[in-house]
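Colleague: This is the structure I want to talk about, given as structure tokens.
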Amino acid sequence: MSPTQGRLEGKVVLITGAAKGQGRSHAVRCAEEGADIIGIDICGSLTHVSHPPGTREDLEQTRELVTMLARRKVIHEADVADRSALRVAVDDGVEQLGRLDVVVANAGNYPMGSLPPDAFTQVVDTNLVGVINTVAVSYPHLDDGASVVAIGSTASFVPGAVDNPRLGPGGLGYSFSKQTLAQYVRQLSLAMAPRMIRVNAVHPTACDTDMLHHPDLYQVFRPDLEHPTLDDVLPALTTSQAMPIPWVEPLDVSNAVLFLASDESRYVTGVQLRVDGGSVPKLVPGAL
Ligand SMILES: NC(=O)c1ccc[n+]([C@@H]2O[C@H](COP(=O)([O-])OP(=O)(O)OC[C@H]3O[C@@H](n4cnc5c(N)ncnc54)[C@H](O)[C@@H]3O)[C@@H](O)[C@H]2O)c1
């Protein structure tokens, strides 16, 4: 259930990767709380993928869900790895909606399996450079007191989860980009603090989106099976958390994003907020 209290009333929120999955959920949850939305997605083909990216129709559907909540939404197709295209999209969104208060750098992909080495560079371009680009083109529009939220992953901190040669160069790039993103958020929070701009990361564990539900990822959990099904992987997915759950829902992540986006978190910065059912405390020795 999502209680609505106008926690983002009057704010404009930029969300990358907004066509589907968690990005769509963030757009709807923020709109429920009164925000207008700038939604950006690549809406097209990436060279190396394990699951399809969002489509133009997906992004349009996100816009419809936001406008049904009587909020405004500007959508743009852009690759977060392309800083020039991203700047054009963000500048236009801000011009149409008048301001920018919150940046949610969410776009990501996770190409796994036996792929050429440049799968590493592609995933880093989206998951790390894309976040840096998103912040860079947004910064000129941000007033003091703004909020930046970057979406990482707890998997990156779990030994053997994504730093596993079986996952191929895309999996290694995923791990590298999410771990480096955590460092980037920490340093950026210090740089932005004098302007009261907060910078935080949200790290989900496995989340119930297309990124999780595809054969390549199922096989990571059941390498002994050629074509594992959801039933085959459920026990392994569930033991990855301390709580007896196989994954979190996009809404669980959106509620964490909402807190960091709202003024309720006005003195919260440099935080690595895990939405993980206790995955990291369970699997990473000594993690606090
Ligand atoms: N699903 C999980 O299990 C999980 C777990 C931890 C972290 N995450 C992270 O959560 C974020 C959202 O993922 P999701 O689960 O919603 O996956 P998803 O595949 O459902 O959605 C990702 C969206 O990002 C878009 N995108 C991909 N590359 C892009 C690019 N270069 N430029 C612009 N848009 C691009 C896609 O088109 C898609 O709409 C990602 O950063 C992901 O790494 C996901």
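Letters A, B, ... mark the chains of the structure tokens in the order given; residue numbers begin at 1 per chain; ligand numbers begin at 1, in order shown.
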Could you tell me, counting only C-alpha atoms and all ligand atoms, which protein and nucleic acid residues lie no more than 8 Å from ligand 1, written as a PyMOL selection string?
Modeller: chain A and resi 16-24+40-44+46+51-55+58-59+77-81+105-110+125-127+130+151-155+174+178+203-212+247+250
Colleague: Residues of stretch 4-205 of chain A in strand (DSSP E or B) according to DSSP, as number ranges by chain?
Modeller: A: 12-16, 36-41, 73-77, 100-105, 142-151, 198-204
Colleague: Have a look at A:Lys282, A:Arg29, A:Arg7, A:Arg195 and name the one nearest to A:Phe157; count only C-alpha atoms.
Modeller: A:Lys282
Colleague: Would you kindly return, as a ChimeraX atom specification, each protein, DNA or RNA residue with an atom no farther than 12 Å from any atom of A:Pro285, considering only C-alpha atoms and excluding same-chain residues fewer than 6 positions away?
Modeller: /A:157-159,279
Colleague: Restricting it to C-alpha atoms, dump the selection as a PDB file, in the first residue's frame.
Modeller:
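part-v4.pdb was written with the following content:
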ATOM      1  CA  PHE A 157      29.161  -6.332  -2.315  1.00  0.00           C
ATOM      2  CA  VAL A 158      28.522 -10.055  -1.991  1.00  0.00           C
ATOM      3  CA  PRO A 159      31.606 -12.190  -2.742  1.00  0.00           C
ATOM      4  CA  SER A 279      21.290  -9.975   2.389  1.00  0.00           C
TER       5      SER A 279
END
Colleague: Excluding stretch 251-268 of chain A and any residue of its chain fewer than 4 positions from it, enumerate the residues within 6 Å of it, using only C-alpha atoms, and give them as a list of chain:residue names.
Modeller: A:Leu8, A:His26, A:Ser147
Colleague: Identify, with DSSP run on backbone atoms, the residues in stretch 149-260 of chain A assigned to helix (DSSP H, G or I), and express the list as a PyMOL selection string.
Modeller: chain A and resi 154-157+165-195+215-221+230-239+250-260
Colleague: Might you pull out every residue within 9 Å of stretch 229-240 of chain A, with only C-alpha atoms counted and same-chain residues fewer than 4 positions away left off, and present them as a list of chain:residue names?
Modeller: A:Thr205, A:Ala206, A:His213, A:Pro215, A:Tyr218, A:Gln219, A:Phe221, A:Arg222, A:Leu225, A:Pro244, A:Ile245, A:Pro246, A:Trp247, A:Gly277, A:Gly278, A:Ser279, A:Val280, A:Lys282, A:Leu283
